[in-house]
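See structure below.
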Amino acid sequence: MTEASRYLSEYGDLSRLPLFSQPTNGSTPAAAKLGAPVTAAPPSGPDVDWSVVSELRARASEQLSQAVASDRSRLDKAAQQELGRSIVLDLIESAMADDVDAGRGAWSPGRQQTTAQAVFDSLFRLGRLQPLVDDDDIEKHCDRGPRQRPS
């Protein structure tokens, strides 16, 4: 049994969750095919709170590092991503519960999905740049670095 299969049997089919149940970019859900590359709609718009993404990413990274370190065998990339997805979803649920308890209201399904995808992208992909890489209409990616003021 591969590590990805073990985590799939341990955590269940993640494709039933909102983040992974909808086809994105015309492809099948990422959780349905463990070896397939992850594709997603760009996590942008008013529902992405980047301070929350940053906080959740730090917590997810810590939890993922501890889980990988405590596992005696080495996890392959797909198994790490599946474990990361489950950690991200747990953290999203926790953050939503905290907001509801604090009287800030529940998150919309769109906010849940975009925040979860943004956290996942920041853990395993290119973070805020990932939507640009995934956009088929963009053919050339050029980063010139921070702008410098003339002296």
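Ordering of the structure tokens sets the chain letters (A, B, ...); residue numbers start at 1 within each chain; ligands are numbered from 1 in the order shown.
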Q.
With only C-alpha atoms as the counted atoms, please give the residues lying no more than 7 Å from region 114-130 of chain A, apart from itself and same-chain residues fewer than 6 positions off, as number ranges by chain.
A. A: 43, 47-48, 53, 56-57, 61, 85, 88-89, 92
Pull N, CA and C atoms from the residues just selected and write them as a compact mmCIF listing (two decimals), in the first residue's frame.
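Final file, again-v2.txt:
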```
# COMPACT_ATOMS: atom_id res chain seq x y z
N PRO A 43 -7.30 31.67 -6.81
CA PRO A 43 -7.84 32.11 -5.53
C PRO A 43 -7.70 33.61 -5.39
N ASP A 47 -12.95 37.46 -1.45
CA ASP A 47 -13.04 36.47 -0.39
C ASP A 47 -11.70 36.04 0.18
N VAL A 48 -10.59 36.43 -0.42
CA VAL A 48 -9.27 36.02 0.06
C VAL A 48 -8.74 37.08 1.03
N VAL A 53 -4.70 33.76 5.34
CA VAL A 53 -3.95 32.76 4.58
C VAL A 53 -2.56 32.59 5.15
N LEU A 56 -2.82 30.73 8.55
CA LEU A 56 -3.16 29.33 8.36
C LEU A 56 -2.03 28.55 7.69
N ARG A 57 -1.32 29.20 6.80
CA ARG A 57 -0.19 28.55 6.14
C ARG A 57 0.89 28.20 7.15
N SER A 61 1.93 24.45 7.92
CA SER A 61 3.31 24.05 7.71
C SER A 61 3.87 23.37 8.94
N ARG A 85 -3.69 18.73 2.41
CA ARG A 85 -5.09 19.10 2.15
C ARG A 85 -5.96 18.88 3.38
N VAL A 88 -5.14 21.50 5.98
CA VAL A 88 -5.70 22.80 5.58
C VAL A 88 -7.20 22.85 5.84
N LEU A 89 -7.91 21.77 5.48
CA LEU A 89 -9.36 21.75 5.69
C LEU A 89 -9.71 21.79 7.17
N ILE A 92 -9.21 25.36 8.26
CA ILE A 92 -10.29 26.21 7.76
C ILE A 92 -11.52 26.06 8.66
```
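If you look at CA of Lys77 (chain A) and CA of Ser54 (chain A), they are 22.1 Å away from each other.
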